[in-house]
Amino acid sequence: MFSSPKIAFMTTLGVNVGDEFIREGICSFLDEIFGSWTPFYVNKHDLPSLQELRLDEPAVLEDKFRDSDIIVQAGAPVYWKLNGGTSYSVEWAEELWEKRIFALGPQKVVLNVSAGACQPYPDFAGTFLSDPRCVEFARRAAAACRWTSVRDPLASQILYALGIEHEPLPCAAFHAARRSNLKGTFGRGVVAVNFMPYGGHLRLRDDIDEHAWDVTCRELINSLRKHHRILFVAHDIPETAFMERYREPGEVIFRSGSWRDYLPVYARSEAVVANRVHGAVCAAGFGRPAVIIGNDTRLQIGDYIGIPSLYVMEAKADRLVDLIEDGIRGQKAEAERLIHLREESATRYRTAIADGIFRTSSGLGNERTAGQDDPVRGPKRFSLAGEAEARSGLFQDFMNTLNCFAKRMGLRQLSTGLEGWEHPWLWFNAFSGTEDWRKVRLLNIGSDLNPMPWFLASLGANVEFAGKEGLRTEAWEEIRDRSGLKVGRQAPVDKKIRIPEGLFDVVMYFSCVESGAEMRVIVSEAAGALREGGLFLVSARLRPPSWGIDFPGPNSRTPAIKKYRAILEHPAFERMPDWRPSRDDMLVEKDSRFPRPVTAGAAVLRKK
């Protein structure tokens with residue numbers, strides 16, 4: 001089966017150099033999976049390409065999608081609601097998605113590779129999720145495709161919110177270098193610069209100030225000229241015209257009609273600063289330091305690679321110069337990091353694509369869906385932090401996406417071990433597949449800079465914070481005002497928090513270290529705040545006084561077990577099944593804050 005398959009790409013041709021880079025990266029994986037294969041190209045902007053010869057195709061097919069063995073959606077934005085347009089209403093949606101991919105899958109092998117999101121920066125997943133037809137489109141795409149990978153955290157957040165399985169991975173344009181014999185060389189002194197009007201393809205927000213952007217461009221280039229030669233790189237004619245205003249005698253604006261001509265340019269530049277995100281990503285694949293400037297959420301493509309990226313109205317020249325010079329000074333270490341990441345992620349791509357192609361089932365039914373009567377789901381379950389679960393790809397991928405979100409928001413980033421373990425555990429056991437986030441009312445007790453409640457607010461949940469005096473009110477207000485997320489805060493009255501009763505669907509309390517007595521008070525407060533059937537999500541740090549030979553049994557009266565019992569045995573909540581902690585399957589780490597080893601436990605409790 002598929003010894004020499006016909007593979008049809010959903011892509012563009014001669015429209016966007018970045019799309020060509022993405023396709024080249026995907027081809028590098030296919031080369032390693034198959035001894036030989038035959039490419040066919042469907043240009044989504046040129047629907048006659050479904051039947052007509054393009055590029056190096058060896059034969060005419062009556063319909064490239066229907067007559068091919070494999071269809072690959074190659075790296076376009078797939079999840080978007082922008083300027084009146086949407087994923088489901090765009091010009092090619094009917095012919096390519098509705099009539100072919102949705103109709104052919106899952107019997108046909110369809111792979112959704114490096115799918116992206118696109119909204120005005122810094123818009124959130126809630127915009128896409130608020131449109132039922134966008135949600136339906138995303139679900140149908142998932143059902144039709146054997147495998148889905150996403151290239152940016154916003155796309156990942158959308159799919160996590162819908163309970164759709166996917167793998168967050170660096171954009172395939174990062175891997176275009178793998179099909180090239182070009183080698184990046186140090187010390188040439190050329191910084192490649194790519195600027196676009198508005199700092200992106202379109203003027204997507206009213207706050208985009210063309211004059212301010214022009215000033216930034218001039219200051220940046222003048223600063224770079226002091227130590228480097230400038231090479232302007234244009235991907236189309238409008239960019240050429242725009243950058244002409246900054247070019248001095250002797251400087252060149254490079255533009256070519258062949259996307260392959262751009263590979264040596266990006267490979268051999270000392271560093272790259274670009275509005276074209278895939279130019280920066282391609283350069284990074286050669287080990288070159290890069291910086292992205294953009295005005296839509298595609299700039300987040302850099303997050304899974306570790307490429308610095310800034311919103312155009314926040315991209316000040318001195319900050320950009322510092323990022324570029326830091327990258328050049330550390331270029332050897334950065335090249336090693338980037339090439340290692342490129343090959344590590346290529347292995348994940350190759351393994352997952354091969355699995356999607358050769359398995360006999362489509363993976364349908366892998367969505368986690370909510371019940372019709374409850375806005376959130378959640379089993380009666382308690383768990384200690386298990387080593388295998390905490391280190392699993394499922395948990396690590398979720399933590400990567402959550403930490404990308406936290407970094408951009410200025411929230412606390414979490415380790416992917418003990419500290420962050422409960423976040424994916426609680427996500428997959430309580431939230432994944434929630435039908436309508438706008439119906440969820442959530443109260444977070446404790447840290448107001450924990451990223452999870454803000455993440456849920458970005459999906460559309462109504463979030464309130466409550467906590468003791470002394471929390472970081474100023475930081476909380478700055479993040480709320482900057483992000484525009486609708487989050488509230490219960491203000492202390494007479495040094496006490498007055499939490500409304502019976503109002504919330506979910507109460508969360510993460511990483512508590514209180515005693516058993518203190519935990520009984522917190523659990524009682526959570527029970528009072530929840531509506532009937534609401535969920536209490538809680539995690540606890542344990543500091544057993546002595547491990548002894550075995551972990552204390554379930555009937556032990558140690559402080560650790562007393563804390564768990566205070567959580568699990570409150571009469572307001574449904575009883576948990578019997579649980580028997582075992583040291584063998586627990587994640588135990590030393591924490592500098594505590595004198596003894598600690599472990600973590602998490603529970604989802606439903607109010608009676």
# chains A, B, ... in the order shown; residues from 1 in each chain; ligands from 1
$ select_by_dssp --residues "stretch 92-279 of chain A" --states "strand (DSSP E or B)" --output "ChimeraX atom specification"
/A:109-118,120,147-150,167-168,190-194,229-233,252-254,271-274
$ atom_distance --atom1 "atom CA of A:Leu443" --atom2 "atom CA of A:Val523"
13.0 Å
$ residues_around --residues "stretch 122-138 of chain A" --least-positions-apart "4" --cutoff "7 Å" --atoms "only C-alpha atoms" --output "PyMOL selection string"
chain A and resi 80-81+87-88+142+154+157-158+297+458-460
$ residues_around --residues "A:Arg100" --least-positions-apart "2" --cutoff "12 Å" --atoms "only C-alpha atoms" --output "PyMOL selection string"
chain A and resi 10+50+63-68+71+92-98+102-110+141+144-145
$ write_last_selection --atoms "N, CA and C atoms" --output "PDB file, in the first residue's frame"
ATOM      1  N   MET A  10      -2.663  20.946  -0.954  1.00  0.00           N
ATOM      2  CA  MET A  10      -3.491  22.148  -0.919  1.00  0.00           C
ATOM      3  C   MET A  10      -2.567  23.276  -0.493  1.00  0.00           C
ATOM      4  N   LEU A  50      -6.960  22.234 -10.027  1.00  0.00           N
ATOM      5  CA  LEU A  50      -7.454  20.901  -9.652  1.00  0.00           C
ATOM      6  C   LEU A  50      -7.311  19.907 -10.801  1.00  0.00           C
ATOM      7  N   ASP A  63      -9.109  14.878 -11.415  1.00  0.00           N
ATOM      8  CA  ASP A  63      -9.296  15.686 -10.208  1.00  0.00           C
ATOM      9  C   ASP A  63      -8.177  15.299  -9.241  1.00  0.00           C
ATOM     10  N   LYS A  64      -7.260  16.219  -8.966  1.00  0.00           N
ATOM     11  CA  LYS A  64      -6.066  15.878  -8.203  1.00  0.00           C
ATOM     12  C   LYS A  64      -6.396  15.388  -6.790  1.00  0.00           C
ATOM     13  N   PHE A  65      -7.422  15.976  -6.164  1.00  0.00           N
ATOM     14  CA  PHE A  65      -7.776  15.519  -4.821  1.00  0.00           C
ATOM     15  C   PHE A  65      -8.418  14.135  -4.857  1.00  0.00           C
ATOM     16  N   ARG A  66      -9.349  13.945  -5.775  1.00  0.00           N
ATOM     17  CA  ARG A  66     -10.058  12.658  -5.822  1.00  0.00           C
ATOM     18  C   ARG A  66      -9.162  11.531  -6.341  1.00  0.00           C
ATOM     19  N   ASP A  67      -8.232  11.867  -7.236  1.00  0.00           N
ATOM     20  CA  ASP A  67      -7.424  10.826  -7.876  1.00  0.00           C
ATOM     21  C   ASP A  67      -6.087  10.572  -7.184  1.00  0.00           C
ATOM     22  N   SER A  68      -5.766  11.363  -6.197  1.00  0.00           N
ATOM     23  CA  SER A  68      -4.510  11.144  -5.480  1.00  0.00           C
ATOM     24  C   SER A  68      -4.712  10.105  -4.375  1.00  0.00           C
ATOM     25  N   ILE A  71      -3.936  13.481   0.444  1.00  0.00           N
ATOM     26  CA  ILE A  71      -4.106  14.931   0.344  1.00  0.00           C
ATOM     27  C   ILE A  71      -3.426  15.565   1.555  1.00  0.00           C
ATOM     28  N   TRP A  92     -12.242  29.371  -1.546  1.00  0.00           N
ATOM     29  CA  TRP A  92     -11.905  27.979  -1.883  1.00  0.00           C
ATOM     30  C   TRP A  92     -12.559  26.956  -0.954  1.00  0.00           C
ATOM     31  N   ALA A  93     -13.272  27.412   0.065  1.00  0.00           N
ATOM     32  CA  ALA A  93     -13.819  26.479   1.053  1.00  0.00           C
ATOM     33  C   ALA A  93     -14.802  25.499   0.430  1.00  0.00           C
ATOM     34  N   GLU A  94     -15.665  25.978  -0.437  1.00  0.00           N
ATOM     35  CA  GLU A  94     -16.696  25.112  -1.014  1.00  0.00           C
ATOM     36  C   GLU A  94     -16.074  24.014  -1.879  1.00  0.00           C
ATOM     37  N   GLU A  95     -15.177  24.406  -2.803  1.00  0.00           N
ATOM     38  CA  GLU A  95     -14.624  23.429  -3.736  1.00  0.00           C
ATOM     39  C   GLU A  95     -13.624  22.479  -3.079  1.00  0.00           C
ATOM     40  N   LEU A  96     -12.766  23.015  -2.222  1.00  0.00           N
ATOM     41  CA  LEU A  96     -11.684  22.185  -1.690  1.00  0.00           C
ATOM     42  C   LEU A  96     -12.066  21.479  -0.390  1.00  0.00           C
ATOM     43  N   TRP A  97     -12.685  22.184   0.529  1.00  0.00           N
ATOM     44  CA  TRP A  97     -13.059  21.566   1.798  1.00  0.00           C
ATOM     45  C   TRP A  97     -14.392  20.816   1.691  1.00  0.00           C
ATOM     46  N   GLU A  98     -15.437  21.519   1.301  1.00  0.00           N
ATOM     47  CA  GLU A  98     -16.771  20.913   1.333  1.00  0.00           C
ATOM     48  C   GLU A  98     -16.907  19.763   0.331  1.00  0.00           C
ATOM     49  N   PHE A 102     -14.016  17.141   2.940  1.00  0.00           N
ATOM     50  CA  PHE A 102     -15.075  16.659   3.830  1.00  0.00           C
ATOM     51  C   PHE A 102     -15.797  15.460   3.227  1.00  0.00           C
ATOM     52  N   ALA A 103     -15.934  15.467   1.903  1.00  0.00           N
ATOM     53  CA  ALA A 103     -16.648  14.366   1.249  1.00  0.00           C
ATOM     54  C   ALA A 103     -15.791  13.111   1.158  1.00  0.00           C
ATOM     55  N   LEU A 104     -14.472  13.267   0.989  1.00  0.00           N
ATOM     56  CA  LEU A 104     -13.587  12.120   0.788  1.00  0.00           C
ATOM     57  C   LEU A 104     -13.085  11.519   2.103  1.00  0.00           C
ATOM     58  N   GLY A 105     -12.805  12.375   3.078  1.00  0.00           N
ATOM     59  CA  GLY A 105     -12.297  11.862   4.347  1.00  0.00           C
ATOM     60  C   GLY A 105     -13.418  11.229   5.140  1.00  0.00           C
ATOM     61  N   PRO A 106     -13.129  10.233   6.003  1.00  0.00           N
ATOM     62  CA  PRO A 106     -11.801   9.732   6.348  1.00  0.00           C
ATOM     63  C   PRO A 106     -11.336   8.548   5.493  1.00  0.00           C
ATOM     64  N   GLN A 107     -12.147   8.134   4.510  1.00  0.00           N
ATOM     65  CA  GLN A 107     -11.701   7.013   3.663  1.00  0.00           C
ATOM     66  C   GLN A 107     -10.424   7.384   2.907  1.00  0.00           C
ATOM     67  N   LYS A 108     -10.346   8.626   2.439  1.00  0.00           N
ATOM     68  CA  LYS A 108      -9.128   9.130   1.821  1.00  0.00           C
ATOM     69  C   LYS A 108      -8.168   9.571   2.915  1.00  0.00           C
ATOM     70  N   VAL A 109      -6.878   9.342   2.716  1.00  0.00           N
ATOM     71  CA  VAL A 109      -5.882   9.824   3.674  1.00  0.00           C
ATOM     72  C   VAL A 109      -5.714  11.328   3.481  1.00  0.00           C
ATOM     73  N   VAL A 110      -6.138  12.104   4.486  1.00  0.00           N
ATOM     74  CA  VAL A 110      -5.988  13.560   4.458  1.00  0.00           C
ATOM     75  C   VAL A 110      -5.195  13.965   5.691  1.00  0.00           C
ATOM     76  N   ALA A 141     -13.211  19.454   9.857  1.00  0.00           N
ATOM     77  CA  ALA A 141     -11.837  19.293   9.374  1.00  0.00           C
ATOM     78  C   ALA A 141     -11.113  18.223  10.180  1.00  0.00           C
ATOM     79  N   ALA A 144     -12.301  14.743   9.158  1.00  0.00           N
ATOM     80  CA  ALA A 144     -11.896  14.311   7.819  1.00  0.00           C
ATOM     81  C   ALA A 144     -10.410  13.973   7.735  1.00  0.00           C
ATOM     82  N   CYS A 145      -9.615  14.478   8.674  1.00  0.00           N
ATOM     83  CA  CYS A 145      -8.155  14.348   8.570  1.00  0.00           C
ATOM     84  C   CYS A 145      -7.631  13.258   9.503  1.00  0.00           C
TER      85      CYS A 145
END
$ atom_distance --atom1 "atom CA of A:Gln396" --atom2 "atom CA of A:Tyr304"
12.5 Å
$ select_by_dssp --residues "stretch 31-213 of chain A" --states "helix (DSSP H, G or I)" --output "count of residues only"
65
$ closest_residue --among "A:Arg179, A:Arg575, A:Lys486, A:Arg140" --to "A:Ile164" --atoms "only C-alpha atoms"
A:Arg140
$ closest_residue --among "A:Leu394, A:Leu162, A:Leu82, A:Ile522" --to "A:Val538" --atoms "only C-alpha atoms"
A:Ile522
$ decode --residues "stretch 405-467 of chain A" --atoms "C-alpha atoms" --output "short mmCIF file (atom, residue, chain, number, x, y, z; two decimals), in the first residue's frame"
data_model
loop_
_atom_site.label_atom_id
_atom_site.label_comp_id
_atom_site.auth_asym_id
_atom_site.auth_seq_id
_atom_site.Cartn_x
_atom_site.Cartn_y
_atom_site.Cartn_z
CA PHE A 405 0.32 32.01 26.26
CA ALA A 406 1.69 32.90 29.72
CA LYS A 407 4.88 34.42 28.30
CA ARG A 408 2.99 36.69 25.91
CA MET A 409 0.56 37.75 28.61
CA GLY A 410 3.20 38.45 31.26
CA LEU A 411 1.85 35.67 33.49
CA ARG A 412 3.72 33.07 35.50
CA GLN A 413 5.34 30.38 33.35
CA LEU A 414 5.26 26.92 34.86
CA SER A 415 7.75 24.09 34.86
CA THR A 416 6.76 21.03 32.88
CA GLY A 417 7.34 18.77 35.87
CA LEU A 418 5.83 18.93 39.34
CA GLU A 419 4.77 22.57 39.23
CA GLY A 420 2.82 22.30 36.01
CA TRP A 421 1.57 18.71 36.23
CA GLU A 422 -1.92 19.50 37.52
CA HIS A 423 -2.72 21.96 34.72
CA PRO A 424 -2.94 19.44 31.85
CA TRP A 425 -4.39 16.82 34.20
CA LEU A 426 -7.23 19.12 35.24
CA TRP A 427 -7.67 20.32 31.66
CA PHE A 428 -8.15 16.87 30.15
CA ASN A 429 -10.32 15.69 33.05
CA ALA A 430 -12.57 18.71 33.39
CA PHE A 431 -12.53 21.10 30.43
CA SER A 432 -11.53 19.52 27.14
CA GLY A 433 -14.51 19.48 24.79
CA THR A 434 -16.59 22.10 26.59
CA GLU A 435 -19.37 23.07 24.18
CA ASP A 436 -19.80 26.81 24.85
CA TRP A 437 -17.20 28.62 26.89
CA ARG A 438 -19.38 31.73 27.13
CA LYS A 439 -21.71 29.79 29.45
CA VAL A 440 -18.95 28.92 31.92
CA ARG A 441 -18.65 31.03 35.09
CA LEU A 442 -15.39 30.31 36.83
CA LEU A 443 -13.90 31.44 40.15
CA ASN A 444 -10.16 31.20 40.71
CA ILE A 445 -9.01 31.27 44.33
CA GLY A 446 -5.40 32.16 44.96
CA SER A 447 -2.76 33.25 42.47
CA ASP A 448 -4.06 35.85 40.04
CA LEU A 449 -1.02 35.39 37.76
CA ASN A 450 -1.49 31.67 37.24
CA PRO A 451 -2.02 31.35 33.46
CA MET A 452 -4.85 28.79 33.54
CA PRO A 453 -7.78 31.09 34.47
CA TRP A 454 -6.59 33.71 31.98
CA PHE A 455 -6.30 30.97 29.35
CA LEU A 456 -9.93 30.01 30.03
CA ALA A 457 -10.97 33.67 29.82
CA SER A 458 -9.30 33.86 26.39
CA LEU A 459 -11.60 31.03 25.26
CA GLY A 460 -14.66 33.00 26.35
CA ALA A 461 -15.25 31.88 29.96
CA ASN A 462 -16.48 34.43 32.50
CA VAL A 463 -13.67 34.49 35.07
CA GLU A 464 -13.53 35.99 38.56
CA PHE A 465 -10.49 36.05 40.85
CA ALA A 466 -10.57 35.91 44.62
CA GLY A 467 -7.71 35.78 47.09
#
